[in-house]
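A.B. asks: Before anything else, here's the structure in question.
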Amino acid sequence: MKVYEVAGPGTGETLMPRDRPVPKPADGHVVVRVAACGLNLVDLLMMSGRYQKATDYPFIPGQEVSGTVSDVGAGVTSLKVGDRVAARCSRGAGLAQCVETAADNCVILPDGIDLLAAAVLPVSFGTADHFLHHHGHLAKGETVLVLGAAGAVGTAALQVCRETGAEALALVSSPAKRDLALANGAADCLQIGSLDMHAEPAELSKRLKSFLGEKRPDIVVDPIGGNMSEAALRNIAVGGRHLVLGFAAGIPRIPMNLALVRRCRIIGDSFRAYCEQEPQAAHARFENLVNRIATGALRAPAPAHVFDFERSGEALQLLADRATVGRVAVRVAYDA
Ligand SMILES: NC(=O)c1ccc[n+]([C@@H]2O[C@H](COP(=O)([O-])OP(=O)(O)OC[C@H]3O[C@@H](n4cnc5c(N)ncnc54)[C@H](OP(=O)(O)O)[C@@H]3O)[C@@H](O)[C@H]2O)c1
């Protein structure tokens with residue numbers, strides 16, 4: 001089968017096509033013939049060796065796919081050959097014609113969800129849902145500040161807020177990303193350009209405060225880190241929950257007394273580790289998420305940037321250039 005991989009730390013330009021044997025499913029695992037693969041910032045971090053955990057090379061990017069089950073390992077009773085699924089493969093492997101993954105990482109797709117849209121659900125929506133509900137205990141009527149709101153996790157978080165009846169306030173960096181955030185359910189947006197995002201925390205806090213007015217967010221969804229984390233923490237409601245998802249803009253050093261002063265909780269988690277360590281709970285959540293999307297309770301927009309398999313490197317480069325407005329997916333099989 002054909003795959004796209006990097007031999008060592010690299011970017012979209014160093015991604016190479018390779019021939020690899022079709023994997024055989026281990027016990028409790030299945031093989032999925034990939035229709036489409038969703039791409040995320042984490043793929044770039046792992047490709048370049050900048051992820052929290054060391055990357056094993058050669059490395060095939062792609063942590064979320066959709067497709068059809070083509071082989072089933074011993075002990076799997078929940079899936080059969082031919083099932084249409086969305087699947088996580090959290091250590092990469094998605095940019096391939098076939099992917100081997102645990103059966104618990106797969107959810108059967110109801111008819112209403114097409115394979116291209118399904119390819120961008122597992123990681124971003126899974127993460128947003130897990131953080132906001134499991135850790136954030138999000139409730140109707142609450143106010144949520146979503147940083148990096150036009151990103152993959154950010155837009156999913158906006159949609160989860162909309163579904164729950166919470167008010168989402170979005171931080172974005174450009175007018176196009178503002179429009180995207182509003183389309184995904186943000187009630188209002190603060191626009192701070194990419195360079196200005198590196199201003200001192202006190203300055204960012206002032207801008208945030210004037211945007212928020214009397215409001216204080218009950219929850220902060222923070223996938224960006226950098227100086228914006230401290231600014232957000234300075235403005236959180238008493239008793240609020242600051243959800244630490246990621247560090248697109250760098251790992252911040254924050255005065256710990258802010259947690260005391262704001263009487264808030266700072267909660268970090270790794271969705272990948274959660275899925276690996278609590279596979280059954282993660283599977284139940286994933287199934288619940290897909291059902292909410294199928295019934296229309298939760299909206300999941302289709303990817304905005306779709307590339308053919310041969311252009312996987314360009315797809316990753318677009319992400320690296322921060323030139324995306326909406327999700328990026330690669331169409332691996334042409335009937336997807
Ligand atoms: N904890 C978990 O389990 C978990 C799960 C999934 C993702 N994550 C992490 O969450 C972060 C965001 O992931 P994502 O998939 O949502 O990424 P994404 O789609 O690229 O979105 C990242 C957002 O952050 C903003 N940003 C601000 N400064 C940035 C910088 N220096 N470089 C890149 N983006 C910057 C970008 O907006 P502008 O370009 O408009 O500024 C963009 O909207 C990543 O660090 C990822 O590893 C964590």
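A note on labels: chains of the structure tokens are A, B, ... as shown, every chain counts residues from 1, and ligands are counted from 1 in their shown order.
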Counting only C-alpha atoms, which residues of segment 201-245 of chain A sit at most 12 Å from some atom of segment 157-171 of chain A, and what is each one's closest atom pair with its distance in Å to one decimal, listed by chain and rising residue number, as JSON lines?

C.D. replies:
{"residue": "A:Leu204", "atom": "CA", "partner": "A:Leu171", "partner_atom": "CA", "distance": 11.4}
{"residue": "A:Arg207", "atom": "CA", "partner": "A:Leu171", "partner_atom": "CA", "distance": 11.2}
{"residue": "A:Leu208", "atom": "CA", "partner": "A:Leu171", "partner_atom": "CA", "distance": 9.1}
{"residue": "A:Phe211", "atom": "CA", "partner": "A:Leu169", "partner_atom": "CA", "distance": 9.6}
{"residue": "A:Leu212", "atom": "CA", "partner": "A:Leu169", "partner_atom": "CA", "distance": 8.6}
{"residue": "A:Gly213", "atom": "CA", "partner": "A:Leu169", "partner_atom": "CA", "distance": 12.0}
{"residue": "A:Lys215", "atom": "CA", "partner": "A:Leu169", "partner_atom": "CA", "distance": 10.2}
{"residue": "A:Arg216", "atom": "CA", "partner": "A:Leu169", "partner_atom": "CA", "distance": 10.5}
{"residue": "A:Pro217", "atom": "CA", "partner": "A:Leu169", "partner_atom": "CA", "distance": 8.5}
{"residue": "A:Asp218", "atom": "CA", "partner": "A:Ala166", "partner_atom": "CA", "distance": 10.0}
{"residue": "A:Ile219", "atom": "CA", "partner": "A:Ala168", "partner_atom": "CA", "distance": 9.5}
{"residue": "A:Val220", "atom": "CA", "partner": "A:Leu169", "partner_atom": "CA", "distance": 9.5}
{"residue": "A:Val221", "atom": "CA", "partner": "A:Ala157", "partner_atom": "CA", "distance": 7.7}
{"residue": "A:Asp222", "atom": "CA", "partner": "A:Leu171", "partner_atom": "CA", "distance": 10.2}
{"residue": "A:Pro223", "atom": "CA", "partner": "A:Ala157", "partner_atom": "CA", "distance": 10.4}
{"residue": "A:Ile224", "atom": "CA", "partner": "A:Leu171", "partner_atom": "CA", "distance": 10.4}
{"residue": "A:Met228", "atom": "CA", "partner": "A:Leu171", "partner_atom": "CA", "distance": 9.7}
{"residue": "A:Ser229", "atom": "CA", "partner": "A:Leu171", "partner_atom": "CA", "distance": 11.6}
{"residue": "A:Ala231", "atom": "CA", "partner": "A:Leu171", "partner_atom": "CA", "distance": 11.9}
{"residue": "A:Ala232", "atom": "CA", "partner": "A:Leu171", "partner_atom": "CA", "distance": 10.3}
{"residue": "A:Leu243", "atom": "CA", "partner": "A:Ala157", "partner_atom": "CA", "distance": 11.4}
{"residue": "A:Leu245", "atom": "CA", "partner": "A:Ala157", "partner_atom": "CA", "distance": 11.4}

A.B. asks: Restrict the selected residues to N, CA and C atoms and save them as a CSV table (one decimal), in the first residue's frame.

C.D. replies:
chain,number,residue,atom,x,y,z
A,204,LEU,N,-2.2,42.2,27.1
A,204,LEU,CA,-3.2,41.3,26.5
A,204,LEU,C,-4.4,41.2,27.5
A,207,ARG,N,-6.7,44.3,27.0
A,207,ARG,CA,-7.5,44.2,25.8
A,207,ARG,C,-8.6,43.2,26.0
A,208,LEU,N,-8.3,42.1,26.7
A,208,LEU,CA,-9.4,41.1,26.9
A,208,LEU,C,-10.4,41.6,27.8
A,211,PHE,N,-12.8,43.9,26.1
A,211,PHE,CA,-13.7,43.1,25.2
A,211,PHE,C,-14.8,42.4,26.1
A,212,LEU,N,-14.4,41.9,27.2
A,212,LEU,CA,-15.4,41.1,28.0
A,212,LEU,C,-16.4,42.0,28.7
A,213,GLY,N,-16.0,43.3,29.0
A,213,GLY,CA,-16.9,44.2,29.8
A,213,GLY,C,-17.1,43.6,31.1
A,215,LYS,N,-18.5,40.8,31.7
A,215,LYS,CA,-18.5,39.3,31.7
A,215,LYS,C,-17.2,38.8,32.2
A,216,ARG,N,-17.3,37.6,32.9
A,216,ARG,CA,-16.1,36.8,33.2
A,216,ARG,C,-16.3,35.4,32.7
A,217,PRO,N,-15.5,34.8,32.0
A,217,PRO,CA,-15.7,33.5,31.5
A,217,PRO,C,-15.7,32.4,32.6
A,218,ASP,N,-16.7,31.6,32.6
A,218,ASP,CA,-16.7,30.5,33.5
A,218,ASP,C,-15.7,29.4,33.1
A,219,ILE,N,-15.5,29.3,31.8
A,219,ILE,CA,-14.5,28.3,31.3
A,219,ILE,C,-13.6,29.0,30.3
A,220,VAL,N,-12.3,28.8,30.3
A,220,VAL,CA,-11.4,29.2,29.2
A,220,VAL,C,-11.0,27.9,28.5
A,221,VAL,N,-11.1,27.8,27.2
A,221,VAL,CA,-10.6,26.7,26.4
A,221,VAL,C,-9.3,27.3,25.8
A,222,ASP,N,-8.2,26.6,26.2
A,222,ASP,CA,-6.9,27.2,25.9
A,222,ASP,C,-6.0,26.2,25.1
A,223,PRO,N,-6.1,26.2,23.8
A,223,PRO,CA,-5.2,25.4,23.0
A,223,PRO,C,-4.0,26.2,22.5
A,224,ILE,N,-3.8,27.4,22.9
A,224,ILE,CA,-2.7,28.2,22.3
A,224,ILE,C,-1.5,28.5,23.3
A,228,MET,N,-1.1,34.7,26.0
A,228,MET,CA,-2.6,34.8,26.1
A,228,MET,C,-3.1,34.0,27.3
A,229,SER,N,-2.4,32.9,27.7
A,229,SER,CA,-2.9,32.1,28.8
A,229,SER,C,-3.1,32.9,30.0
A,231,ALA,N,-3.2,36.1,30.3
A,231,ALA,CA,-4.3,37.1,30.2
A,231,ALA,C,-5.6,36.6,30.4
A,232,ALA,N,-5.9,35.4,29.9
A,232,ALA,CA,-7.2,34.7,30.1
A,232,ALA,C,-7.4,34.4,31.5
A,243,LEU,N,-9.1,25.4,31.0
A,243,LEU,CA,-8.8,24.1,30.4
A,243,LEU,C,-7.5,24.2,29.5
A,245,LEU,N,-5.2,22.8,27.0
A,245,LEU,CA,-5.2,21.8,25.9
A,245,LEU,C,-3.9,21.8,25.1

A.B. asks: Taking only C-alpha atoms and all ligand atoms into account, report as number ranges by chain which residues have an atom no farther than 6 Å from an atom of ligand 1.

C.D. replies: A: 40-42, 124, 127, 148-154, 172-173, 194, 223-224, 245-249, 269-272, 322

A.B. asks: Could you tell me which of A:Ala176, A:Leu319, A:Leu115, A:Met16 comes closest to Ala36 of chain A if we count only C-alpha atoms?

C.D. replies: A:Leu115

A.B. asks: Would you give me, as a list of chain:residue names, the residues in segment 251-285 of chain A that DSSP reads as alpha helix (DSSP H)?

C.D. replies: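 These are the residues in question: A:Asn257, A:Leu258, A:Ala259, A:Leu260, A:Val261, A:Phe271, A:Arg272, A:Ala273, A:Tyr274, A:Cys275, A:Glu276, A:Gln277, A:Pro279, A:Gln280, A:Ala281, A:Ala282, A:His283, A:Ala284, A:Arg285.
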
A.B. asks: For the residues in that selection, give me N, CA and C atoms as an mmCIF file, in the first residue's frame.

C.D. replies:
data_model
loop_
_atom_site.group_PDB
_atom_site.id
_atom_site.type_symbol
_atom_site.label_atom_id
_atom_site.label_comp_id
_atom_site.auth_asym_id
_atom_site.auth_seq_id
_atom_site.Cartn_x
_atom_site.Cartn_y
_atom_site.Cartn_z
ATOM 1 N N ASN A 257 -0.119 32.276 41.868
ATOM 2 C CA ASN A 257 -1.067 32.947 42.769
ATOM 3 C C ASN A 257 -2.359 33.324 42.053
ATOM 4 N N LEU A 258 -2.309 33.383 40.710
ATOM 5 C CA LEU A 258 -3.533 33.742 39.973
ATOM 6 C C LEU A 258 -4.641 32.721 40.223
ATOM 7 N N ALA A 259 -4.260 31.448 40.359
ATOM 8 C CA ALA A 259 -5.266 30.411 40.607
ATOM 9 C C ALA A 259 -5.938 30.648 41.955
ATOM 10 N N LEU A 260 -5.139 31.117 42.905
ATOM 11 C CA LEU A 260 -5.672 31.406 44.246
ATOM 12 C C LEU A 260 -6.559 32.657 44.198
ATOM 13 N N VAL A 261 -6.045 33.705 43.568
ATOM 14 C CA VAL A 261 -6.782 34.973 43.524
ATOM 15 C C VAL A 261 -8.124 34.797 42.810
ATOM 16 N N PHE A 271 -5.801 14.149 25.459
ATOM 17 C CA PHE A 271 -6.903 13.333 24.935
ATOM 18 C C PHE A 271 -6.367 11.986 24.442
ATOM 19 N N ARG A 272 -5.187 12.022 23.847
ATOM 20 C CA ARG A 272 -4.564 10.774 23.370
ATOM 21 C C ARG A 272 -4.339 9.810 24.533
ATOM 22 N N ALA A 273 -3.772 10.315 25.649
ATOM 23 C CA ALA A 273 -3.515 9.453 26.804
ATOM 24 C C ALA A 273 -4.828 8.945 27.392
ATOM 25 N N TYR A 274 -5.814 9.826 27.446
ATOM 26 C CA TYR A 274 -7.140 9.405 27.952
ATOM 27 C C TYR A 274 -7.683 8.239 27.115
ATOM 28 N N CYS A 275 -7.591 8.383 25.779
ATOM 29 C CA CYS A 275 -8.123 7.317 24.900
ATOM 30 C C CYS A 275 -7.344 6.023 25.079
ATOM 31 N N GLU A 276 -6.031 6.143 25.305
ATOM 32 C CA GLU A 276 -5.211 4.933 25.451
ATOM 33 C C GLU A 276 -5.425 4.277 26.823
ATOM 34 N N GLN A 277 -5.618 5.115 27.839
ATOM 35 C CA GLN A 277 -5.693 4.572 29.206
ATOM 36 C C GLN A 277 -7.115 4.208 29.631
ATOM 37 N N PRO A 279 -9.867 3.193 27.296
ATOM 38 C CA PRO A 279 -10.403 2.986 25.947
ATOM 39 C C PRO A 279 -11.913 2.789 25.890
ATOM 40 N N GLN A 280 -12.476 2.141 26.911
ATOM 41 C CA GLN A 280 -13.929 1.896 26.829
ATOM 42 C C GLN A 280 -14.728 3.171 27.077
ATOM 43 N N ALA A 281 -14.269 3.952 28.064
ATOM 44 C CA ALA A 281 -14.950 5.231 28.326
ATOM 45 C C ALA A 281 -14.807 6.143 27.112
ATOM 46 N N ALA A 282 -13.610 6.154 26.525
ATOM 47 C CA ALA A 282 -13.374 7.017 25.358
ATOM 48 C C ALA A 282 -14.240 6.568 24.188
ATOM 49 N N HIS A 283 -14.398 5.249 24.029
ATOM 50 C CA HIS A 283 -15.231 4.746 22.929
ATOM 51 C C HIS A 283 -16.690 5.160 23.135
ATOM 52 N N ALA A 284 -17.173 5.044 24.372
ATOM 53 C CA ALA A 284 -18.571 5.417 24.648
ATOM 54 C C ALA A 284 -18.798 6.901 24.337
ATOM 55 N N ARG A 285 -17.828 7.726 24.699
ATOM 56 C CA ARG A 285 -17.926 9.165 24.413
ATOM 57 C C ARG A 285 -17.923 9.437 22.909
#

A.B. asks: Report as a list of chain:residue names all protein, DNA and RNA residues lying within 10 Å of Arg253 of chain A, evaluated on only C-alpha atoms, omitting residues in the same chain fewer than 3 positions from it.

C.D. replies: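 Close residues of Arg253 of chain A: A:Gly225, A:Gly226, A:Asn227, A:Ser229, A:Glu230, A:Gly250, A:Met256.
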
A.B. asks: Name the residues of segment 161-308 of chain A that fall into strand (DSSP E or B) according to DSSP on the backbone, using the chain letters and numbers of this document, as a list in words.

C.D. replies: Glu167, Ala168, Leu169, Ala170, Leu171, Val172, Asp188, Cys189, Leu190, Gln191, Ile219, Val220, Val221, Asp222, Arg241, His242, Leu243, Val244, Arg265, Ile266, Ile267, Gly268, His305, Val306, Phe307 and Asp308 of chain A

A.B. asks: Those same residues, written as an mmCIF file, in the first residue's frame with C-alpha atoms?

C.D. replies:
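Contents of the output file part.cif:
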data_model
loop_
_atom_site.group_PDB
_atom_site.id
_atom_site.type_symbol
_atom_site.label_atom_id
_atom_site.label_comp_id
_atom_site.auth_asym_id
_atom_site.auth_seq_id
_atom_site.Cartn_x
_atom_site.Cartn_y
_atom_site.Cartn_z
ATOM 1 C CA GLU A 167 -22.284 31.630 25.262
ATOM 2 C CA ALA A 168 -18.974 31.292 23.407
ATOM 3 C CA LEU A 169 -16.631 34.268 23.078
ATOM 4 C CA ALA A 170 -13.850 33.756 20.561
ATOM 5 C CA LEU A 171 -10.266 34.937 20.197
ATOM 6 C CA VAL A 172 -9.161 35.012 16.542
ATOM 7 C CA ASP A 188 -18.713 37.680 19.747
ATOM 8 C CA CYS A 189 -15.056 37.780 18.705
ATOM 9 C CA LEU A 190 -11.939 39.575 19.859
ATOM 10 C CA GLN A 191 -9.484 39.919 17.015
ATOM 11 C CA ILE A 219 -14.520 28.348 31.295
ATOM 12 C CA VAL A 220 -11.430 29.171 29.228
ATOM 13 C CA VAL A 221 -10.620 26.746 26.387
ATOM 14 C CA ASP A 222 -6.889 27.223 25.890
ATOM 15 C CA ARG A 241 -12.160 26.308 34.919
ATOM 16 C CA HIS A 242 -9.123 27.055 32.771
ATOM 17 C CA LEU A 243 -8.754 24.083 30.403
ATOM 18 C CA VAL A 244 -5.145 23.556 29.288
ATOM 19 C CA ARG A 265 -9.149 25.406 38.647
ATOM 20 C CA ILE A 266 -6.471 24.873 36.023
ATOM 21 C CA ILE A 267 -7.051 21.512 34.356
ATOM 22 C CA GLY A 268 -4.772 19.866 31.822
ATOM 23 C CA HIS A 305 -9.452 22.444 2.394
ATOM 24 C CA VAL A 306 -9.489 19.048 0.690
ATOM 25 C CA PHE A 307 -6.367 17.701 -1.021
ATOM 26 C CA ASP A 308 -5.765 14.610 -3.144
#

A.B. asks: Using only C-alpha atoms, which residues of segment 248-335 of chain A come within 9 Å of segment 44-55 of chain A, and what is the closest atom pair for each, with the distance in Å to one decimal? Give it as a tab-separated table, sorted by chain and residue number.

C.D. replies:
residue	atom	partner	partner_atom	distance
A:Leu316	CA	A:Leu44	CA	7.2
A:Gln317	CA	A:Leu44	CA	8.8
A:Leu319	CA	A:Leu44	CA	8.2
A:Ala320	CA	A:Leu44	CA	7.1

A.B. asks: Residues as selected, N, CA and C atoms, written as a compact mmCIF listing (two decimals), in the first residue's frame, can you do that?

C.D. replies:
# COMPACT_ATOMS: atom_id res chain seq x y z
N LEU A 316 -0.19 19.64 4.50
CA LEU A 316 0.50 19.89 5.78
C LEU A 316 1.19 21.25 5.77
N GLN A 317 1.71 21.64 4.61
CA GLN A 317 2.38 22.93 4.52
C GLN A 317 1.40 24.09 4.74
N LEU A 319 -1.17 24.04 6.60
CA LEU A 319 -1.38 24.12 8.05
C LEU A 319 -0.19 24.82 8.72
N ALA A 320 1.01 24.43 8.29
CA ALA A 320 2.22 25.01 8.89
C ALA A 320 2.29 26.51 8.64

A.B. asks: Just checking: using only C-alpha atoms, which residue out of A:Ile254, A:Ala202, A:Cys98, A:Val123 ends up closest to Gln63 of chain A?

C.D. replies: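 Closest residue, counting only C-alpha atoms: A:Val123.
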
A.B. asks: Go ahead and compute the interatomic distance for atom CA of Asn184 of chain A and atom CA of Pro110 of chain A, in Å to one decimal.

C.D. replies: 22.5 Å

A.B. asks: For a test of reading the model, state the distance in Å between atom CA of Val81 of chain A and atom CA of Val107 of chain A, rounded to one decimal.

C.D. replies: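 Rounded to one decimal, the two atoms are 13.3 Å apart.
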
A.B. asks: Which residue, A:Thr101, A:Asn288, A:Ser78, A:Thr11, has the smallest gap to Val31 of chain A when you use only C-alpha atoms?

C.D. replies: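 Of the candidates, the smallest distance to Val31 of chain A is held by A:Thr101.
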
A.B. asks: Report, in Å with one decimal, the straight-line distance from atom CA of Glu142 of chain A to atom CA of Arg327 of chain A.

C.D. replies: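 Computed distance, atom CA of Glu142 of chain A to atom CA of Arg327 of chain A, equals 26.6 Å.
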